[in-house]
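Engineer: As input, take upload-v3.cif (mmCIF, C-alpha atoms, pLDDT in the B column; chains and numbers go by the auth columns):
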data_data
loop_
_atom_site.group_PDB
_atom_site.id
_atom_site.type_symbol
_atom_site.label_atom_id
_atom_site.label_comp_id
_atom_site.label_asym_id
_atom_site.label_seq_id
_atom_site.Cartn_x
_atom_site.Cartn_y
_atom_site.Cartn_z
_atom_site.B_iso_or_equiv
_atom_site.auth_seq_id
_atom_site.auth_asym_id
ATOM 1 C CA CYS A 1 38.231 2.841 -10.712 59.00 216 A
ATOM 2 C CA ASP A 2 37.713 -0.597 -9.238 59.00 217 A
ATOM 3 C CA SER A 3 40.820 -2.734 -9.754 63.00 218 A
ATOM 4 C CA GLN A 4 38.603 -5.793 -10.275 64.00 219 A
ATOM 5 C CA LEU A 5 36.402 -4.088 -12.865 63.00 220 A
ATOM 6 C CA TYR A 6 38.994 -2.028 -14.720 60.00 221 A
ATOM 7 C CA CYS A 7 37.487 -3.063 -18.047 64.00 222 A
ATOM 8 C CA LEU A 8 34.422 -0.911 -17.245 65.00 223 A
ATOM 9 C CA CYS A 9 36.474 2.153 -16.280 70.00 224 A
ATOM 10 C CA PRO A 10 36.439 5.007 -18.816 71.00 225 A
ATOM 11 C CA PHE A 11 39.777 6.342 -17.523 74.00 226 A
ATOM 12 C CA PHE A 12 41.385 2.953 -18.106 73.00 227 A
ATOM 13 C CA ALA A 13 39.873 2.802 -21.613 73.00 228 A
ATOM 14 C CA PHE A 14 41.156 6.258 -22.527 73.00 229 A
ATOM 15 C CA GLY A 15 44.561 5.403 -21.058 76.00 230 A
ATOM 16 C CA VAL A 16 44.761 2.331 -23.286 73.00 231 A
ATOM 17 C CA PHE A 17 43.525 4.410 -26.227 71.00 232 A
ATOM 18 C CA PHE A 18 46.365 6.920 -25.875 73.00 233 A
ATOM 19 C CA LEU A 19 48.918 4.252 -24.923 74.00 234 A
ATOM 20 C CA TYR A 20 48.225 2.523 -28.231 68.00 235 A
ATOM 21 C CA GLY A 21 48.591 5.635 -30.371 69.00 236 A
ATOM 22 C CA GLY A 22 45.436 7.610 -29.633 67.00 237 A
ATOM 23 C CA LEU A 23 44.162 9.117 -32.859 66.00 238 A
ATOM 24 C CA SER A 24 47.263 8.113 -34.791 71.00 239 A
ATOM 25 C CA ARG A 25 46.376 5.731 -37.616 71.00 240 A
ATOM 26 C CA VAL A 26 49.888 5.134 -38.953 77.00 241 A
ATOM 27 C CA GLY A 27 50.198 1.519 -40.047 79.00 242 A
ATOM 28 C CA VAL A 28 46.468 0.831 -39.690 77.00 243 A
ATOM 29 C CA GLN A 29 44.662 -0.728 -42.628 80.00 244 A
ATOM 30 C CA GLU A 30 42.379 1.708 -44.461 80.00 245 A
ATOM 31 C CA ASP A 31 39.171 -0.200 -43.644 78.00 246 A
ATOM 32 C CA ARG A 32 39.955 -0.067 -39.904 74.00 247 A
ATOM 33 C CA LYS A 33 40.919 3.603 -39.533 71.00 248 A
ATOM 34 C CA ASP A 34 37.453 4.622 -38.323 72.00 249 A
ATOM 35 C CA PHE A 35 37.579 2.344 -35.272 71.00 250 A
ATOM 36 C CA ILE A 36 38.545 3.765 -31.868 67.00 251 A
ATOM 37 C CA PHE A 37 40.599 0.624 -31.198 67.00 252 A
ATOM 38 C CA PRO A 38 41.557 -0.542 -34.720 70.00 253 A
ATOM 39 C CA TYR A 39 43.369 -3.642 -33.470 66.00 254 A
ATOM 40 C CA LEU A 40 40.107 -4.885 -31.876 69.00 255 A
ATOM 41 C CA SER A 41 38.060 -4.430 -35.054 70.00 256 A
ATOM 42 C CA ASN A 42 38.855 -7.899 -36.330 70.00 257 A
ATOM 43 C CA LEU A 43 37.295 -9.611 -33.303 71.00 258 A
ATOM 44 C CA ARG A 44 34.012 -11.171 -34.238 68.00 259 A
ATOM 45 C CA LYS A 45 30.983 -9.914 -32.319 62.00 260 A
ATOM 46 C CA ASP A 46 30.061 -13.404 -31.170 63.00 261 A
ATOM 47 C CA TYR A 47 33.548 -13.846 -29.676 74.00 262 A
ATOM 48 C CA VAL A 48 33.191 -10.617 -27.683 73.00 263 A
ATOM 49 C CA ALA A 49 29.767 -11.725 -26.417 74.00 264 A
ATOM 50 C CA LYS A 50 31.146 -15.133 -25.388 82.00 265 A
ATOM 51 C CA LYS A 51 34.033 -13.517 -23.542 82.00 266 A
ATOM 52 C CA LEU A 52 31.709 -11.116 -21.701 80.00 267 A
ATOM 53 C CA THR A 53 29.400 -14.002 -20.784 84.00 268 A
ATOM 54 C CA ARG A 54 32.333 -16.031 -19.470 86.00 269 A
ATOM 55 C CA ASN A 55 33.503 -13.090 -17.325 84.00 270 A
ATOM 56 C CA ILE A 56 30.017 -12.413 -15.943 83.00 271 A
ATOM 57 C CA ARG A 57 29.488 -16.047 -15.026 87.00 272 A
ATOM 58 C CA ALA A 58 32.886 -16.303 -13.365 87.00 273 A
ATOM 59 C CA HIS A 59 31.717 -13.826 -10.712 85.00 274 A
ATOM 60 C CA MET A 60 28.314 -15.376 -10.015 85.00 275 A
ATOM 61 C CA PRO A 61 27.113 -18.169 -7.752 88.00 276 A
ATOM 62 C CA GLU A 62 27.458 -21.451 -9.617 90.00 277 A
ATOM 63 C CA ASN A 63 23.759 -22.348 -9.422 91.00 278 A
ATOM 64 C CA ARG A 64 22.763 -19.108 -11.253 87.00 279 A
ATOM 65 C CA ARG A 65 25.427 -18.982 -13.961 86.00 280 A
ATOM 66 C CA SER A 66 23.447 -20.677 -16.713 87.00 281 A
ATOM 67 C CA LYS A 67 20.694 -18.049 -16.481 85.00 282 A
ATOM 68 C CA PHE A 68 22.881 -15.039 -17.400 82.00 283 A
ATOM 69 C CA THR A 69 24.685 -13.998 -20.567 82.00 284 A
ATOM 70 C CA SER A 70 26.168 -10.769 -21.850 77.00 285 A
ATOM 71 C CA LYS A 71 22.722 -10.073 -23.313 77.00 286 A
ATOM 72 C CA SER A 72 21.440 -9.870 -19.717 78.00 287 A
ATOM 73 C CA LEU A 73 23.298 -6.566 -19.311 76.00 288 A
ATOM 74 C CA LYS A 74 21.581 -5.031 -22.325 76.00 289 A
ATOM 75 C CA LYS A 75 18.201 -6.391 -21.221 78.00 290 A
ATOM 76 C CA GLY A 76 18.640 -4.875 -17.777 79.00 291 A
ATOM 77 C CA ILE A 77 19.598 -1.426 -19.044 77.00 292 A
ATOM 78 C CA MET A 78 16.949 -1.330 -21.764 79.00 293 A
ATOM 79 C CA THR A 79 14.237 -2.420 -19.328 82.00 294 A
ATOM 80 C CA GLU A 80 15.382 0.172 -16.799 82.00 295 A
ATOM 81 C CA ASN A 81 15.255 2.857 -19.494 81.00 296 A
ATOM 82 C CA ARG A 82 11.791 1.725 -20.642 80.00 297 A
ATOM 83 C CA ILE A 83 10.487 2.042 -17.076 80.00 298 A
ATOM 84 C CA ASN A 84 11.865 5.570 -16.743 81.00 299 A
ATOM 85 C CA GLN A 85 8.913 7.831 -17.536 76.00 300 A
ATOM 86 C CA ASP A 86 11.208 10.738 -18.411 83.00 301 A
ATOM 87 C CA LEU A 87 12.655 8.999 -21.489 82.00 302 A
ATOM 88 C CA SER A 88 10.989 8.703 -24.854 82.00 303 A
ATOM 89 C CA VAL A 89 11.315 5.452 -26.789 77.00 304 A
ATOM 90 C CA LYS A 90 13.649 7.215 -29.256 78.00 305 A
ATOM 91 C CA GLU A 91 15.885 8.319 -26.376 81.00 306 A
ATOM 92 C CA GLU A 92 15.869 4.771 -25.031 77.00 307 A
ATOM 93 C CA TYR A 93 16.953 3.404 -28.419 74.00 308 A
ATOM 94 C CA ALA A 94 19.604 6.096 -28.765 74.00 309 A
ATOM 95 C CA ARG A 95 21.119 5.053 -25.430 71.00 310 A
ATOM 96 C CA SER A 96 21.048 1.349 -26.274 68.00 311 A
ATOM 97 C CA GLY A 97 22.547 1.800 -29.731 65.00 312 A
ATOM 98 C CA HIS A 98 19.574 0.150 -31.428 62.00 313 A
ATOM 99 C CA THR A 99 17.740 1.568 -34.360 62.00 314 A
ATOM 100 C CA GLY A 100 14.017 2.062 -33.833 61.00 315 A
ATOM 101 C CA SER A 101 11.695 -0.928 -33.636 60.00 316 A
ATOM 102 C CA GLU A 102 10.248 -0.010 -37.030 62.00 317 A
ATOM 103 C CA THR A 103 13.609 -1.013 -38.554 60.00 318 A
ATOM 104 C CA ASN A 104 14.819 -3.517 -35.952 62.00 319 A
ATOM 105 C CA ALA A 105 12.320 -6.193 -34.970 62.00 320 A
ATOM 106 C CA ASN A 106 14.680 -7.596 -32.309 66.00 321 A
ATOM 107 C CA VAL A 107 14.890 -4.438 -30.172 68.00 322 A
ATOM 108 C CA GLU A 108 11.690 -5.157 -28.223 71.00 323 A
ATOM 109 C CA GLY A 109 13.059 -8.588 -27.323 71.00 324 A
ATOM 110 C CA TYR A 110 15.481 -6.846 -24.984 70.00 325 A
ATOM 111 C CA ILE A 111 12.677 -5.393 -22.859 73.00 326 A
ATOM 112 C CA VAL A 112 11.865 -7.713 -19.956 72.00 327 A
ATOM 113 C CA ALA A 113 8.242 -7.831 -18.765 75.00 328 A
ATOM 114 C CA ASN A 114 7.974 -6.668 -15.172 75.00 329 A
ATOM 115 C CA PRO A 115 5.458 -5.075 -12.798 75.00 330 A
ATOM 116 C CA ALA A 116 6.744 -1.556 -13.430 74.00 331 A
ATOM 117 C CA LEU A 117 5.890 -1.843 -17.132 78.00 332 A
ATOM 118 C CA SER A 118 2.465 -3.370 -16.550 81.00 333 A
ATOM 119 C CA HIS A 119 1.566 -0.917 -13.766 78.00 334 A
ATOM 120 C CA PRO A 120 0.033 1.839 -15.986 82.00 335 A
ATOM 121 C CA GLY A 121 -2.192 -0.685 -17.785 85.00 336 A
ATOM 122 C CA ALA A 122 -3.339 -2.174 -14.485 84.00 337 A
ATOM 123 C CA MET A 123 -4.138 1.314 -13.172 83.00 338 A
ATOM 124 C CA ALA A 124 -6.224 2.039 -16.295 88.00 339 A
ATOM 125 C CA VAL A 125 -8.180 -1.209 -15.951 89.00 340 A
ATOM 126 C CA ALA A 126 -8.833 -0.366 -12.292 88.00 341 A
ATOM 127 C CA GLY A 127 -10.347 2.961 -13.338 89.00 342 A
ATOM 128 C CA TYR A 128 -7.638 5.383 -12.231 86.00 343 A
ATOM 129 C CA SER A 129 -7.395 8.591 -14.234 87.00 344 A
ATOM 130 C CA ASP A 130 -3.664 9.168 -13.704 86.00 345 A
ATOM 131 C CA CYS A 131 -2.205 5.884 -14.912 84.00 346 A
ATOM 132 C CA HIS A 132 1.383 7.133 -14.745 80.00 347 A
ATOM 133 C CA LYS A 133 1.277 8.233 -11.141 75.00 348 A
ATOM 134 C CA LYS A 134 4.334 6.893 -9.365 72.00 349 A
ATOM 135 C CA ALA A 135 3.501 4.268 -6.773 65.00 350 A
ATOM 136 C CA HIS A 136 5.444 4.180 -3.530 73.00 351 A
ATOM 137 C CA PRO A 137 5.380 1.237 -1.134 73.00 352 A
ATOM 138 C CA TYR A 138 4.118 1.877 2.345 78.00 353 A
ATOM 139 C CA SER A 139 6.614 2.430 5.130 77.00 354 A
ATOM 140 C CA PHE A 140 6.241 2.160 8.884 72.00 355 A
ATOM 141 C CA ASN A 141 5.475 5.905 8.905 77.00 356 A
ATOM 142 C CA VAL A 142 1.876 5.228 7.808 80.00 357 A
ATOM 143 C CA LEU A 143 1.281 3.449 11.136 82.00 358 A
ATOM 144 C CA GLY A 144 1.891 6.645 13.083 83.00 359 A
ATOM 145 C CA ILE A 145 4.158 7.526 15.976 84.00 360 A
ATOM 146 C CA GLY A 146 2.087 5.593 18.536 86.00 361 A
ATOM 147 C CA VAL A 147 3.255 2.184 17.305 85.00 362 A
ATOM 148 C CA VAL A 148 7.025 2.770 17.391 82.00 363 A
ATOM 149 C CA ASP A 149 7.563 0.573 20.471 85.00 364 A
ATOM 150 C CA ALA A 150 5.391 -2.245 19.074 86.00 365 A
ATOM 151 C CA VAL A 151 7.226 -2.177 15.727 80.00 366 A
ATOM 152 C CA GLU A 152 10.618 -2.169 17.481 81.00 367 A
ATOM 153 C CA LYS A 153 9.563 -5.188 19.548 84.00 368 A
ATOM 154 C CA LEU A 154 8.300 -6.975 16.422 83.00 369 A
ATOM 155 C CA LEU A 155 11.572 -6.383 14.609 78.00 370 A
ATOM 156 C CA THR A 156 13.662 -7.341 17.643 79.00 371 A
ATOM 157 C CA ASP A 157 11.731 -10.594 18.108 82.00 372 A
ATOM 158 C CA ALA A 158 11.592 -11.425 14.394 82.00 373 A
ATOM 159 C CA PHE A 159 15.211 -10.741 13.438 78.00 374 A
ATOM 160 C CA ILE A 160 18.579 -11.278 15.040 79.00 375 A
ATOM 161 C CA ASN A 161 20.689 -8.157 14.621 76.00 376 A
ATOM 162 C CA ASP A 162 24.369 -9.062 14.627 78.00 377 A
ATOM 163 C CA VAL A 163 25.515 -5.807 13.016 76.00 378 A
ATOM 164 C CA PRO A 164 26.956 -3.592 15.773 75.00 379 A
ATOM 165 C CA GLU A 165 26.359 -0.394 13.796 72.00 380 A
ATOM 166 C CA LEU A 166 22.626 -1.128 13.665 71.00 381 A
ATOM 167 C CA LYS A 167 22.088 -1.900 17.340 74.00 382 A
ATOM 168 C CA LYS A 168 19.679 0.355 19.205 72.00 383 A
ATOM 169 C CA GLY A 169 21.347 3.315 20.828 71.00 384 A
ATOM 170 C CA VAL A 170 24.496 3.209 18.691 65.00 385 A
ATOM 171 C CA SER A 171 25.323 6.484 17.002 61.00 386 A
ATOM 172 C CA CYS A 172 26.312 6.447 13.336 54.00 387 A
ATOM 173 C CA ILE A 173 28.993 9.028 14.136 55.00 388 A
ATOM 174 C CA GLN A 174 31.021 6.333 15.921 51.00 389 A
ATOM 175 C CA PHE A 175 31.363 4.363 12.678 48.00 390 A
ATOM 176 C CA CYS A 176 31.364 7.061 9.981 47.00 391 A
#
Kindly transcribe the structure held in the file into structure tokens.
Structural biologist:
Amino acid sequence: CDSQLYCLCPFFAFGVFFLYGGLSRVGVQEDRKDFIFPYLSNLRKDYVAKKLTRNIRAHMPENRRSKFTSKSLKKGIMTENRINQDLSVKEEYARSGHTGSETNANVEGYIVANPALSHPGAMAVAGYSDCHKKAHPYSFNVLGIGVVDAVEKLLTDAFINDVPELKKGVSCIQFC
């Protein structure tokens, strides 16, 4: 576990769980016995969200802080799950903890519009028959082996490489 991000570590969470009595519910009010951490059950949800937002922003560049909240985490994960073609919408909702959109109008608000989501529709409009074909960006390999020297010169002239491990002729074995 990362010592700076211990709050995201499952081992730390389970350690705290057992340190504070584990499954023992002696002395816990009846209406809180179902909670994993009964002593946290009285925290209001908006307080937890504010605390998460404060912690996220504390580790970001100052000029970007106002653009991110704890909701940004859920938006990122839900959008990533929506893009994954191997997941059904029900599986996506199950992972996010939301009920289906037929009972929760807010769930779709967590999905961020992006090119990966609009790609199948664009493919259909362009007349492609396999709209869900995965697109891969071109690499230098499409240019062929005959242009290796020209590409190396382009990159050398365009960028200053001050990373010793990435200099030409340096073996990765020296640094691994």
Engineer: Smallest atom-to-atom distance to Lys305 in chain A: which of A:Phe283, A:Val340, A:Met293, A:Phe229, using only C-alpha atoms?
Structural biologist: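 For Lys305 in chain A, the nearest of the given residues is A:Met293.
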Engineer: For a quick check of understanding, using all atoms listed in the file, which of A:Ile375, A:Ser354, A:Ile360, A:Lys290 has the smallest distance to Glu323 in chain A?
Structural biologist: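 Counting all atoms listed in the file, the residue closest to Glu323 in chain A is A:Lys290.
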Engineer: Quick one: distance from CA of Asn299 in chain A to CA of Ala331 in chain A in Å, one decimal?
Structural biologist: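 Spanning CA of Asn299 in chain A to CA of Ala331 in chain A is a straight-line distance of 9.4 Å.
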Engineer: Let me make sure I understand: among A:Ile326, A:Val357, A:Leu258, A:Val304, which one has the smallest atom-to-atom distance to Lys286 in chain A if we use only C-alpha atoms?
Structural biologist: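 Residue with the minimum atom-to-atom distance to Lys286 in chain A: A:Ile326.
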Engineer: Let me make sure I understand: among A:Met275, A:Ile292, A:Val243, A:Leu370, which one has the smallest atom-to-atom distance to Tyr325 in chain A if we use all atoms listed in the file?
Structural biologist: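 Smallest distance to Tyr325 in chain A is found for A:Ile292.
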Engineer: Quick one: which residues end up in the PyMOL selection byres ((chain A and resi 344-352) around 12) for this structure, as a PyMOL selection string?
Structural biologist: chain A and resi 298-301+330-343+353-357
Engineer: As an exercise, work out the distance from CA of Thr284 in chain A to CA of Asn270 in chain A in Å and give it to one decimal place.
Structural biologist: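 CA of Thr284 in chain A sits 9.4 Å away from CA of Asn270 in chain A.
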Engineer: Can you tell me how far CA of Phe374 in chain A sits from CA of Leu358 in chain A, in Å to one decimal?
Structural biologist: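 Spanning CA of Phe374 in chain A to CA of Leu358 in chain A is a straight-line distance of 20.0 Å.
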Engineer: Would you compute an axis-aligned box for range 374-383 of chain A, covering every atom listed for it in the file with 8 Å of margin on each side, and report centre and edge lengths in Å to one decimal as JSON?
Structural biologist:
{"center_x": 21.1, "center_y": -5.5, "center_z": 16.1, "size_x": 27.7, "size_y": 27.6, "size_z": 22.2}
